[in-house]
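Dropping work13.cif in here (mmCIF, C-alpha atoms; chains and numbers go by the auth columns):
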data_coords
#
loop_
_atom_site.group_PDB
_atom_site.id
_atom_site.type_symbol
_atom_site.label_atom_id
_atom_site.label_comp_id
_atom_site.label_asym_id
_atom_site.label_seq_id
_atom_site.Cartn_x
_atom_site.Cartn_y
_atom_site.Cartn_z
_atom_site.B_iso_or_equiv
_atom_site.auth_seq_id
_atom_site.auth_asym_id
ATOM 1 C CA MET A 1 112.128 84.432 81.406 0.00 1 A
ATOM 2 C CA GLN A 2 111.974 87.470 83.674 0.00 2 A
ATOM 3 C CA ARG A 3 110.308 89.565 80.944 0.00 3 A
ATOM 4 C CA GLN A 4 107.610 86.949 80.409 0.00 4 A
ATOM 5 C CA ALA A 5 107.050 86.646 84.160 0.00 5 A
ATOM 6 C CA LYS A 6 106.624 90.426 84.279 0.00 6 A
ATOM 7 C CA MET A 7 104.017 90.296 81.489 0.00 7 A
ATOM 8 C CA VAL A 8 102.155 87.440 83.180 0.00 8 A
ATOM 9 C CA SER A 9 102.275 89.309 86.477 0.00 9 A
ATOM 10 C CA LYS A 10 100.401 92.270 84.965 0.00 10 A
ATOM 11 C CA GLU A 11 97.734 89.955 83.535 0.00 11 A
ATOM 12 C CA ILE A 12 97.296 88.090 86.821 0.00 12 A
ATOM 13 C CA THR A 13 97.005 91.391 88.684 0.00 13 A
ATOM 14 C CA ALA A 14 94.258 92.530 86.297 0.00 14 A
ATOM 15 C CA LEU A 15 92.387 89.229 86.658 0.00 15 A
ATOM 16 C CA ASN A 16 92.730 89.413 90.438 0.00 16 A
ATOM 17 C CA LYS A 17 91.190 92.909 90.523 0.00 17 A
ATOM 18 C CA ILE A 18 88.265 91.725 88.392 0.00 18 A
ATOM 19 C CA ASP A 19 87.771 88.692 90.654 0.00 19 A
ATOM 20 C CA MET A 20 87.805 90.783 93.843 0.00 20 A
ATOM 21 C CA ALA A 21 85.261 93.194 92.321 0.00 21 A
ATOM 22 C CA GLU A 22 83.038 90.217 91.430 0.00 22 A
ATOM 23 C CA LYS A 23 83.313 88.854 94.988 0.00 23 A
ATOM 24 C CA THR A 24 82.354 92.280 96.332 0.00 24 A
ATOM 25 C CA ARG A 25 79.333 92.349 94.017 0.00 25 A
ATOM 26 C CA GLN A 26 78.291 88.898 95.267 0.00 26 A
ATOM 27 C CA VAL A 27 78.533 90.050 98.892 0.00 27 A
ATOM 28 C CA VAL A 28 76.336 93.067 98.058 0.00 28 A
ATOM 29 C CA GLU A 29 73.816 90.694 96.450 0.00 29 A
ATOM 30 C CA VAL A 30 73.792 88.479 99.557 0.00 30 A
ATOM 31 C CA ASN A 31 73.230 91.549 101.746 0.00 31 A
ATOM 32 C CA HIS A 32 70.377 92.626 99.443 0.00 32 A
ATOM 33 C CA LEU A 33 68.747 89.195 99.666 0.00 33 A
ATOM 34 C CA ARG A 34 69.028 89.292 103.459 0.00 34 A
ATOM 35 C CA GLY A 35 67.066 92.540 103.418 0.00 35 A
ATOM 36 C CA ASP A 36 69.809 94.772 104.803 0.00 36 A
ATOM 37 C CA ALA A 37 68.844 98.446 104.894 0.00 37 A
ATOM 38 C CA ASN A 38 72.132 99.329 103.172 0.00 38 A
ATOM 39 C CA PRO A 39 73.336 96.270 101.237 0.00 39 A
ATOM 40 C CA SER A 40 76.462 98.108 100.057 0.00 40 A
ATOM 41 C CA THR A 41 77.807 98.144 103.614 0.00 41 A
ATOM 42 C CA ILE A 42 80.293 95.300 103.871 0.00 42 A
ATOM 43 C CA GLY A 43 81.967 94.257 107.092 0.00 43 A
ATOM 44 C CA ILE A 44 85.674 93.586 106.609 0.00 44 A
ATOM 45 C CA ALA A 45 88.634 92.463 108.666 0.00 45 A
ATOM 46 C CA LEU A 46 92.139 93.619 107.808 0.00 46 A
ATOM 47 C CA ASP A 47 95.240 91.491 108.095 0.00 47 A
ATOM 48 C CA GLY A 48 98.765 92.642 107.332 0.00 48 A
ATOM 49 C CA ARG A 49 102.289 91.349 107.200 0.00 49 A
ATOM 50 C CA TYR A 50 105.754 92.827 106.870 0.00 50 A
ATOM 51 C CA ASN A 51 108.993 91.361 105.561 0.00 51 A
ATOM 52 C CA SER A 52 110.997 92.237 108.629 0.00 52 A
ATOM 53 C CA THR A 53 113.457 90.169 110.607 0.00 53 A
ATOM 54 C CA SER A 54 112.816 92.216 113.754 0.00 54 A
ATOM 55 C CA PHE A 55 109.742 93.643 115.455 0.00 55 A
ATOM 56 C CA GLY A 56 110.941 97.228 115.583 0.00 56 A
ATOM 57 C CA SER A 57 113.724 99.641 114.859 0.00 57 A
ATOM 58 C CA ALA A 58 115.860 101.624 117.300 0.00 58 A
ATOM 59 C CA LYS A 59 116.463 104.340 114.672 0.00 59 A
ATOM 60 C CA LYS A 60 112.937 105.105 113.475 0.00 60 A
ATOM 61 C CA PRO A 61 109.381 104.483 114.638 0.00 61 A
ATOM 62 C CA GLY A 62 107.464 101.610 113.123 0.00 62 A
ATOM 63 C CA MET A 63 108.551 98.379 111.533 0.00 63 A
ATOM 64 C CA ASP A 64 112.030 97.989 110.123 0.00 64 A
ATOM 65 C CA ALA A 65 110.753 96.496 106.880 0.00 65 A
ATOM 66 C CA SER A 66 110.953 97.208 103.175 0.00 66 A
ATOM 67 C CA GLN A 67 107.538 95.747 102.241 0.00 67 A
ATOM 68 C CA GLY A 68 104.140 95.570 103.847 0.00 68 A
ATOM 69 C CA MET A 69 101.040 93.820 102.530 0.00 69 A
ATOM 70 C CA SER A 70 97.496 94.047 103.824 0.00 70 A
ATOM 71 C CA LEU A 71 94.356 92.105 102.901 0.00 71 A
ATOM 72 C CA GLY A 72 90.719 93.140 103.275 0.00 72 A
ATOM 73 C CA ILE A 73 88.608 90.060 104.074 0.00 73 A
ATOM 74 C CA GLU A 74 84.821 90.368 104.027 0.00 74 A
ATOM 75 C CA THR A 75 82.993 89.132 107.113 0.00 75 A
ATOM 76 C CA SER A 76 79.415 89.351 105.811 0.00 76 A
ATOM 77 C CA THR A 77 79.301 85.806 104.429 0.00 77 A
ATOM 78 C CA PRO A 78 80.675 82.482 105.657 0.00 78 A
ATOM 79 C CA LYS A 79 82.996 82.333 102.618 0.00 79 A
ATOM 80 C CA LYS A 80 85.341 85.071 103.987 0.00 80 A
ATOM 81 C CA TRP A 81 86.492 86.209 100.543 0.00 81 A
ATOM 82 C CA ILE A 82 89.454 88.507 100.032 0.00 82 A
ATOM 83 C CA VAL A 83 87.879 91.616 98.495 0.00 83 A
ATOM 84 C CA ALA A 84 90.851 94.006 98.537 0.00 84 A
ATOM 85 C CA ARG A 85 94.610 93.971 98.912 0.00 85 A
ATOM 86 C CA THR A 86 97.360 96.526 99.020 0.00 86 A
ATOM 87 C CA LEU A 87 101.135 96.463 98.962 0.00 87 A
ATOM 88 C CA GLN A 88 103.597 99.079 100.136 0.00 88 A
ATOM 89 C CA THR A 89 107.114 98.493 98.914 0.00 89 A
ATOM 90 C CA LYS A 90 110.356 100.404 99.047 0.00 90 A
ATOM 91 C CA LEU A 91 112.117 97.883 96.828 0.00 91 A
ATOM 92 C CA CYS A 92 113.107 98.901 93.320 0.00 92 A
ATOM 93 C CA TRP A 93 115.990 96.945 91.876 0.00 93 A
ATOM 94 C CA THR A 94 116.272 99.209 88.841 0.00 94 A
ATOM 95 C CA GLY A 95 116.519 102.299 91.049 0.00 95 A
ATOM 96 C CA ALA A 96 119.135 100.631 93.248 0.00 96 A
ATOM 97 C CA TRP A 97 121.125 99.618 90.146 0.00 97 A
ATOM 98 C CA LEU A 98 120.932 103.150 88.692 0.00 98 A
ATOM 99 C CA ARG A 99 122.028 104.685 92.020 0.00 99 A
ATOM 100 C CA GLY A 100 124.955 102.232 92.078 0.00 100 A
ATOM 101 C CA LYS A 101 125.973 103.502 88.614 0.00 101 A
ATOM 102 C CA GLY A 102 126.011 107.094 89.884 0.00 102 A
ATOM 103 C CA TYR A 103 122.640 108.349 88.631 0.00 103 A
ATOM 104 C CA ASP A 104 120.551 110.543 90.908 0.00 104 A
ATOM 105 C CA VAL A 105 117.332 108.506 91.041 0.00 105 A
ATOM 106 C CA ASN A 106 114.656 109.042 93.643 0.00 106 A
ATOM 107 C CA CYS A 107 112.069 106.297 93.709 0.00 107 A
ATOM 108 C CA PRO A 108 109.069 105.994 93.515 0.00 108 A
ATOM 109 C CA GLY A 109 108.454 106.991 89.966 0.00 109 A
ATOM 110 C CA GLY A 110 111.910 108.419 89.307 0.00 110 A
ATOM 111 C CA HIS A 111 112.369 106.187 86.266 0.00 111 A
ATOM 112 C CA PRO A 112 110.283 103.938 83.975 0.00 112 A
ATOM 113 C CA ASP A 113 109.026 100.661 85.501 0.00 113 A
ATOM 114 C CA CYS A 114 109.640 101.754 89.087 0.00 114 A
ATOM 115 C CA THR A 115 108.358 99.022 91.410 0.00 115 A
ATOM 116 C CA ALA A 116 108.533 101.065 94.632 0.00 116 A
ATOM 117 C CA ASN A 117 105.442 102.940 95.752 0.00 117 A
ATOM 118 C CA THR A 118 106.889 104.277 99.038 0.00 118 A
ATOM 119 C CA ASP A 119 110.010 106.373 99.468 0.00 119 A
ATOM 120 C CA ARG A 120 112.907 104.367 100.858 0.00 120 A
ATOM 121 C CA TYR A 121 113.284 106.746 103.817 0.00 121 A
ATOM 122 C CA ASP A 122 109.604 106.705 104.824 0.00 122 A
ATOM 123 C CA GLY A 123 108.103 104.203 107.203 0.00 123 A
ATOM 124 C CA LEU A 124 105.402 101.784 106.128 0.00 124 A
ATOM 125 C CA SER A 125 101.980 102.991 107.184 0.00 125 A
ATOM 126 C CA GLU A 126 99.097 100.757 108.228 0.00 126 A
ATOM 127 C CA GLN A 127 96.871 103.833 107.999 0.00 127 A
ATOM 128 C CA ALA A 128 97.842 104.353 104.346 0.00 128 A
ATOM 129 C CA MET A 129 97.270 100.643 103.588 0.00 129 A
ATOM 130 C CA GLY A 130 93.842 100.804 105.277 0.00 130 A
ATOM 131 C CA LYS A 131 92.938 103.925 103.296 0.00 131 A
ATOM 132 C CA ASN A 132 94.019 102.227 100.068 0.00 132 A
ATOM 133 C CA ILE A 133 91.812 99.215 100.864 0.00 133 A
ATOM 134 C CA GLY A 134 88.927 101.558 101.683 0.00 134 A
ATOM 135 C CA ASP A 135 89.383 103.346 98.351 0.00 135 A
ATOM 136 C CA GLN A 136 89.395 100.005 96.503 0.00 136 A
ATOM 137 C CA LEU A 137 86.225 98.870 98.245 0.00 137 A
ATOM 138 C CA THR A 138 84.513 102.210 97.649 0.00 138 A
ATOM 139 C CA SER A 139 85.126 101.951 93.911 0.00 139 A
ATOM 140 C CA GLN A 140 84.049 98.276 93.859 0.00 140 A
ATOM 141 C CA VAL A 141 80.865 98.889 95.870 0.00 141 A
ATOM 142 C CA PHE A 142 80.066 101.959 93.781 0.00 142 A
ATOM 143 C CA TRP A 143 80.459 99.778 90.690 0.00 143 A
ATOM 144 C CA SER A 144 78.033 97.256 92.176 0.00 144 A
ATOM 145 C CA SER A 145 75.739 99.617 94.109 0.00 145 A
ATOM 146 C CA THR A 146 72.718 98.398 92.185 0.00 146 A
ATOM 147 C CA PRO A 147 72.764 94.679 92.818 0.00 147 A
ATOM 148 C CA ARG A 148 71.988 92.503 89.848 0.00 148 A
ATOM 149 C CA LEU A 149 70.096 89.472 91.002 0.00 149 A
ATOM 150 C CA THR A 150 70.988 86.396 89.047 0.00 150 A
ATOM 151 C CA GLY A 151 68.999 83.211 88.687 0.00 151 A
ATOM 152 C CA THR A 152 71.687 81.209 90.415 0.00 152 A
ATOM 153 C CA VAL A 153 71.219 83.235 93.587 0.00 153 A
ATOM 154 C CA LEU A 154 67.422 83.313 93.599 0.00 154 A
ATOM 155 C CA GLU A 155 66.679 79.804 92.392 0.00 155 A
ATOM 156 C CA PRO A 156 68.089 77.166 94.725 0.00 156 A
ATOM 157 C CA LYS A 157 68.649 73.814 93.112 0.00 157 A
ATOM 158 C CA VAL A 158 66.999 70.792 94.607 0.00 158 A
ATOM 159 C CA LEU A 159 69.414 67.914 94.855 0.00 159 A
ATOM 160 C CA ARG A 160 67.783 64.531 94.502 0.00 160 A
ATOM 161 C CA ARG A 161 69.314 61.308 95.582 0.00 161 A
ATOM 162 C CA PRO A 162 69.233 58.465 93.103 0.00 162 A
ATOM 163 C CA HIS A 163 66.399 56.076 93.689 0.00 163 A
ATOM 164 C CA LYS A 164 67.523 52.776 95.170 0.00 164 A
ATOM 165 C CA PRO A 165 65.585 49.751 93.882 0.00 165 A
#
What would the structure in this file look like if it were written as structure tokens?
Amino acid sequence: MQRQAKMVSKEITALNKIDMAEKTRQVVEVNHLRGDANPSTIGIALDGRYNSTSFGSAKKPGMDASQGMSLGIETSTPKKWIVARTLQTKLCWTGAWLRGKGYDVNCPGGHPDCTANTDRYDGLSEQAMGKNIGDQLTSQVFWSSTPRLTGTVLEPKVLRRPHKP
């Protein structure tokens, strides 16, 4: 069951990236229709969370957490779509298991299928998460820098009420 969940997780992640890129393209189209001088400029708000039981650590600066997640939410439209997300994690169960068996494993990337992307001794960085979100948005906006105007955006539908006799 865990192997199938892992396979599904990769597919959902890929679909999520495609969906966020499509949302970014739609925001660029809305900005273009509004007549913005630079429609690729998207206002975003960032929100983050940590899996920490305390608000700080006496031993190191920053949060005493093993995971941090941040979302980039566009503020250009009333829909407030999530257009980017990033995750910093120190957790790697395979690496912990291998270290328990006596192997010298340094995550991240010290073995196949490493799930950690931050060293276990480093602090989680909001600056790094913000940069990652900026890089994601840059690639998405670059992909959609020439807005494609679709008929659904340009042609509003007229809703008619049924005629009452």
Practice task
Mind checking which residues fall within 12 Å of Thr41 of chain A, counting only C-alpha atoms, ignoring those fewer than 2 positions away in the same chain, and posting them as number ranges by chain?
Solution key: A: 24-25, 27-32, 36-39, 43-44, 74-76, 134, 137-138, 140-142, 144-145
Exercise for the section: Fewer than 3 positions away in the same chain doesn't count, so skip those; otherwise give me all residues within 9 Å of Ile82 of chain A, counting all atoms listed in the file, as a ChimeraX atom specification. Expected result: /A:20,23-24,71-74,85
Print the selection's residues with C-alpha atoms to a file, as a PDB file, in the frame of the given file.
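Saved as selection.pdb:
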ATOM      1  CA  MET A  20      87.805  90.783  93.843  1.00  0.00           C
ATOM      2  CA  LYS A  23      83.313  88.854  94.988  1.00  0.00           C
ATOM      3  CA  THR A  24      82.354  92.280  96.332  1.00  0.00           C
ATOM      4  CA  LEU A  71      94.356  92.105 102.901  1.00  0.00           C
ATOM      5  CA  GLY A  72      90.719  93.140 103.275  1.00  0.00           C
ATOM      6  CA  ILE A  73      88.608  90.060 104.074  1.00  0.00           C
ATOM      7  CA  GLU A  74      84.821  90.368 104.027  1.00  0.00           C
ATOM      8  CA  ARG A  85      94.610  93.971  98.912  1.00  0.00           C
TER       9      ARG A  85
END
Exercise for the section: For each of A:Thr118, A:Leu124, A:Gly109, A:Trp81, take the minimum atom-to-atom distance to Thr94 of chain A, counting all atoms listed in the file, then give the residue where this is smallest. Expected result: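 Closest candidate: A:Gly109.
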Handout entry: Selection result for the PyMOL selection byres ((chain A and resi 107) around 9) on this file, as an MDAnalysis selection string
Key = chainID A and resid 90:92 95 105:106 108:111 114:120
Practice task
Go ahead and compute the interatomic distance for atom CA of Asn51 of chain A and atom CA of Ala84 of chain A, in Å to one decimal.
Solution key: 19.6 Å
Exercise for the section: Identify which of the residues A:Gln26, A:Met7, A:Arg34, A:Met129 lies closest to Gln67 of chain A, counting all atoms listed in the file when measuring atom-to-atom distances. Expected result: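 So, comparing all the options, the nearest one is A:Met129.
Between atom CA of Gln136 of chain A and atom CA of Leu33 of chain A the separation is 23.5 Å.
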Practice task
Can you work out which one of A:Lys79, A:Asp122, A:Arg3, A:Ala65 has the shortest atom-to-atom distance to Arg49 of chain A, counting all atoms listed in the file?
Solution key: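 Among the listed residues, A:Ala65 lies closest to Arg49 of chain A.
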Problem - Computed interatomic separation between atom CA of Met69 of chain A and atom CA of Glu126 of chain A (Å) - result: 9.2 Å
To test the calculation: enclose all listed atoms of segment 86-91 of chain A in a box whose edges run along x, y and z, add 8 Å on each side, then state centre and edge lengths in Å to one decimal, as lines of an AutoDock Vina configuration file.
center_x = 104.7
center_y = 98.4
center_z = 98.5
size_x = 30.8
size_y = 19.9
size_z = 19.3
I need segment 5-113 of chain A written out with C-alpha atoms, as a PDB file, in the first residue's frame; please produce it.
ATOM      1  CA  ALA A   5       0.749   5.689  -2.311  1.00  0.00           C
ATOM      2  CA  LYS A   6       4.275   6.737  -3.290  1.00  0.00           C
ATOM      3  CA  MET A   7       3.468   6.264  -6.995  1.00  0.00           C
ATOM      4  CA  VAL A   8       0.205   8.196  -6.667  1.00  0.00           C
ATOM      5  CA  SER A   9       2.016  10.941  -4.779  1.00  0.00           C
ATOM      6  CA  LYS A  10       4.374  11.528  -7.721  1.00  0.00           C
ATOM      7  CA  GLU A  11       1.437  11.718 -10.140  1.00  0.00           C
ATOM      8  CA  ILE A  12      -0.499  14.130  -7.925  1.00  0.00           C
ATOM      9  CA  THR A  13       2.591  16.316  -7.562  1.00  0.00           C
ATOM     10  CA  ALA A  14       2.965  16.466 -11.354  1.00  0.00           C
ATOM     11  CA  LEU A  15      -0.720  17.322 -11.821  1.00  0.00           C
ATOM     12  CA  ASN A  16      -0.475  19.982  -9.119  1.00  0.00           C
ATOM     13  CA  LYS A  17       2.478  21.657 -10.873  1.00  0.00           C
ATOM     14  CA  ILE A  18       0.565  21.690 -14.166  1.00  0.00           C
ATOM     15  CA  ASP A  19      -2.504  23.154 -12.433  1.00  0.00           C
ATOM     16  CA  MET A  20      -0.502  25.911 -10.722  1.00  0.00           C
ATOM     17  CA  ALA A  21       1.146  26.816 -14.049  1.00  0.00           C
ATOM     18  CA  GLU A  22      -2.312  27.011 -15.660  1.00  0.00           C
ATOM     19  CA  LYS A  23      -3.574  29.266 -12.847  1.00  0.00           C
ATOM     20  CA  THR A  24      -0.541  31.507 -13.336  1.00  0.00           C
ATOM     21  CA  ARG A  25      -1.271  31.691 -17.068  1.00  0.00           C
ATOM     22  CA  GLN A  26      -4.884  32.663 -16.318  1.00  0.00           C
ATOM     23  CA  VAL A  27      -3.733  35.448 -13.982  1.00  0.00           C
ATOM     24  CA  VAL A  28      -1.412  36.759 -16.724  1.00  0.00           C
ATOM     25  CA  GLU A  29      -4.364  36.714 -19.142  1.00  0.00           C
ATOM     26  CA  VAL A  30      -6.525  38.663 -16.675  1.00  0.00           C
ATOM     27  CA  ASN A  31      -3.733  41.225 -16.249  1.00  0.00           C
ATOM     28  CA  HIS A  32      -3.447  41.494 -20.050  1.00  0.00           C
ATOM     29  CA  LEU A  33      -7.192  42.070 -20.407  1.00  0.00           C
ATOM     30  CA  ARG A  34      -7.048  44.763 -17.724  1.00  0.00           C
ATOM     31  CA  GLY A  35      -4.447  46.565 -19.818  1.00  0.00           C
ATOM     32  CA  ASP A  36      -1.569  46.276 -17.356  1.00  0.00           C
ATOM     33  CA  ALA A  37       1.710  47.624 -18.725  1.00  0.00           C
ATOM     34  CA  ASN A  38       3.455  44.408 -17.647  1.00  0.00           C
ATOM     35  CA  PRO A  39       0.846  41.633 -17.441  1.00  0.00           C
ATOM     36  CA  SER A  40       3.464  39.100 -16.314  1.00  0.00           C
ATOM     37  CA  THR A  41       3.837  40.931 -13.002  1.00  0.00           C
ATOM     38  CA  ILE A  42       1.764  39.033 -10.465  1.00  0.00           C
ATOM     39  CA  GLY A  43       1.188  40.208  -6.922  1.00  0.00           C
ATOM     40  CA  ILE A  44       1.540  37.375  -4.416  1.00  0.00           C
ATOM     41  CA  ALA A  45       1.241  36.845  -0.690  1.00  0.00           C
ATOM     42  CA  LEU A  46       3.301  34.190   1.060  1.00  0.00           C
ATOM     43  CA  ASP A  47       2.084  32.057   3.922  1.00  0.00           C
ATOM     44  CA  GLY A  48       4.144  29.460   5.751  1.00  0.00           C
ATOM     45  CA  ARG A  49       3.847  26.895   8.477  1.00  0.00           C
ATOM     46  CA  TYR A  50       6.204  24.721  10.483  1.00  0.00           C
ATOM     47  CA  ASN A  51       5.671  21.419  12.263  1.00  0.00           C
ATOM     48  CA  SER A  52       7.033  22.618  15.565  1.00  0.00           C
ATOM     49  CA  THR A  53       5.689  22.173  19.063  1.00  0.00           C
ATOM     50  CA  SER A  54       7.468  25.319  20.265  1.00  0.00           C
ATOM     51  CA  PHE A  55       8.004  28.804  18.871  1.00  0.00           C
ATOM     52  CA  GLY A  56      11.779  28.793  19.116  1.00  0.00           C
ATOM     53  CA  SER A  57      14.855  26.925  20.181  1.00  0.00           C
ATOM     54  CA  ALA A  58      17.323  27.770  22.948  1.00  0.00           C
ATOM     55  CA  LYS A  59      20.119  25.904  21.116  1.00  0.00           C
ATOM     56  CA  LYS A  60      19.916  27.376  17.617  1.00  0.00           C
ATOM     57  CA  PRO A  61      18.353  30.389  15.924  1.00  0.00           C
ATOM     58  CA  GLY A  62      15.082  29.941  14.104  1.00  0.00           C
ATOM     59  CA  MET A  63      12.272  27.468  14.485  1.00  0.00           C
ATOM     60  CA  ASP A  64      12.841  24.134  16.159  1.00  0.00           C
ATOM     61  CA  ALA A  65      11.081  22.231  13.391  1.00  0.00           C
ATOM     62  CA  SER A  66      11.845  19.446  10.955  1.00  0.00           C
ATOM     63  CA  GLN A  67       9.527  20.640   8.151  1.00  0.00           C
ATOM     64  CA  GLY A  68       8.432  23.967   6.777  1.00  0.00           C
ATOM     65  CA  MET A  69       5.922  24.621   4.006  1.00  0.00           C
ATOM     66  CA  SER A  70       5.180  27.880   2.241  1.00  0.00           C
ATOM     67  CA  LEU A  71       2.471  28.820  -0.262  1.00  0.00           C
ATOM     68  CA  GLY A  72       2.488  31.592  -2.861  1.00  0.00           C
ATOM     69  CA  ILE A  73      -1.050  32.970  -3.258  1.00  0.00           C
ATOM     70  CA  GLU A  74      -1.772  35.388  -6.098  1.00  0.00           C
ATOM     71  CA  THR A  75      -3.473  38.643  -5.148  1.00  0.00           C
ATOM     72  CA  SER A  76      -4.216  39.968  -8.646  1.00  0.00           C
ATOM     73  CA  THR A  77      -7.652  38.355  -8.938  1.00  0.00           C
ATOM     74  CA  PRO A  78     -10.492  37.805  -6.473  1.00  0.00           C
ATOM     75  CA  LYS A  79      -9.992  34.023  -6.760  1.00  0.00           C
ATOM     76  CA  LYS A  80      -6.734  34.065  -4.699  1.00  0.00           C
ATOM     77  CA  TRP A  81      -5.305  30.952  -6.356  1.00  0.00           C
ATOM     78  CA  ILE A  82      -2.292  29.110  -4.998  1.00  0.00           C
ATOM     79  CA  VAL A  83       0.289  29.517  -7.769  1.00  0.00           C
ATOM     80  CA  ALA A  84       3.390  28.101  -6.058  1.00  0.00           C
ATOM     81  CA  ARG A  85       4.364  25.997  -3.075  1.00  0.00           C
ATOM     82  CA  THR A  86       7.563  24.802  -1.513  1.00  0.00           C
ATOM     83  CA  LEU A  87       8.517  22.357   1.201  1.00  0.00           C
ATOM     84  CA  GLN A  88      11.690  22.157   3.244  1.00  0.00           C
ATOM     85  CA  THR A  89      12.080  18.904   5.107  1.00  0.00           C
ATOM     86  CA  LYS A  90      14.791  17.299   7.170  1.00  0.00           C
ATOM     87  CA  LEU A  91      12.851  14.057   7.486  1.00  0.00           C
ATOM     88  CA  CYS A  92      14.120  10.975   5.693  1.00  0.00           C
ATOM     89  CA  TRP A  93      13.020   7.708   7.222  1.00  0.00           C
ATOM     90  CA  THR A  94      15.297   5.657   4.979  1.00  0.00           C
ATOM     91  CA  GLY A  95      18.325   7.724   6.001  1.00  0.00           C
ATOM     92  CA  ALA A  96      17.407   7.419   9.679  1.00  0.00           C
ATOM     93  CA  TRP A  97      16.986   3.642   9.281  1.00  0.00           C
ATOM     94  CA  LEU A  98      20.347   3.311   7.484  1.00  0.00           C
ATOM     95  CA  ARG A  99      22.097   5.401  10.167  1.00  0.00           C
ATOM     96  CA  GLY A 100      20.521   3.145  12.816  1.00  0.00           C
ATOM     97  CA  LYS A 101      22.040   0.125  11.021  1.00  0.00           C
ATOM     98  CA  GLY A 102      25.502   1.710  11.175  1.00  0.00           C
ATOM     99  CA  TYR A 103      25.813   3.130   7.654  1.00  0.00           C
ATOM    100  CA  ASP A 104      27.350   6.564   7.203  1.00  0.00           C
ATOM    101  CA  VAL A 105      24.522   8.332   5.357  1.00  0.00           C
ATOM    102  CA  ASN A 106      24.302  12.081   5.023  1.00  0.00           C
ATOM    103  CA  CYS A 107      20.963  13.270   3.731  1.00  0.00           C
ATOM    104  CA  PRO A 108      19.866  14.968   1.486  1.00  0.00           C
ATOM    105  CA  GLY A 109      20.684  12.869  -1.495  1.00  0.00           C
ATOM    106  CA  GLY A 110      22.993  10.444   0.297  1.00  0.00           C
ATOM    107  CA  HIS A 111      20.986   7.460  -0.932  1.00  0.00           C
ATOM    108  CA  PRO A 112      18.275   6.647  -3.510  1.00  0.00           C
ATOM    109  CA  ASP A 113      14.771   7.996  -2.768  1.00  0.00           C
TER     110      ASP A 113
END
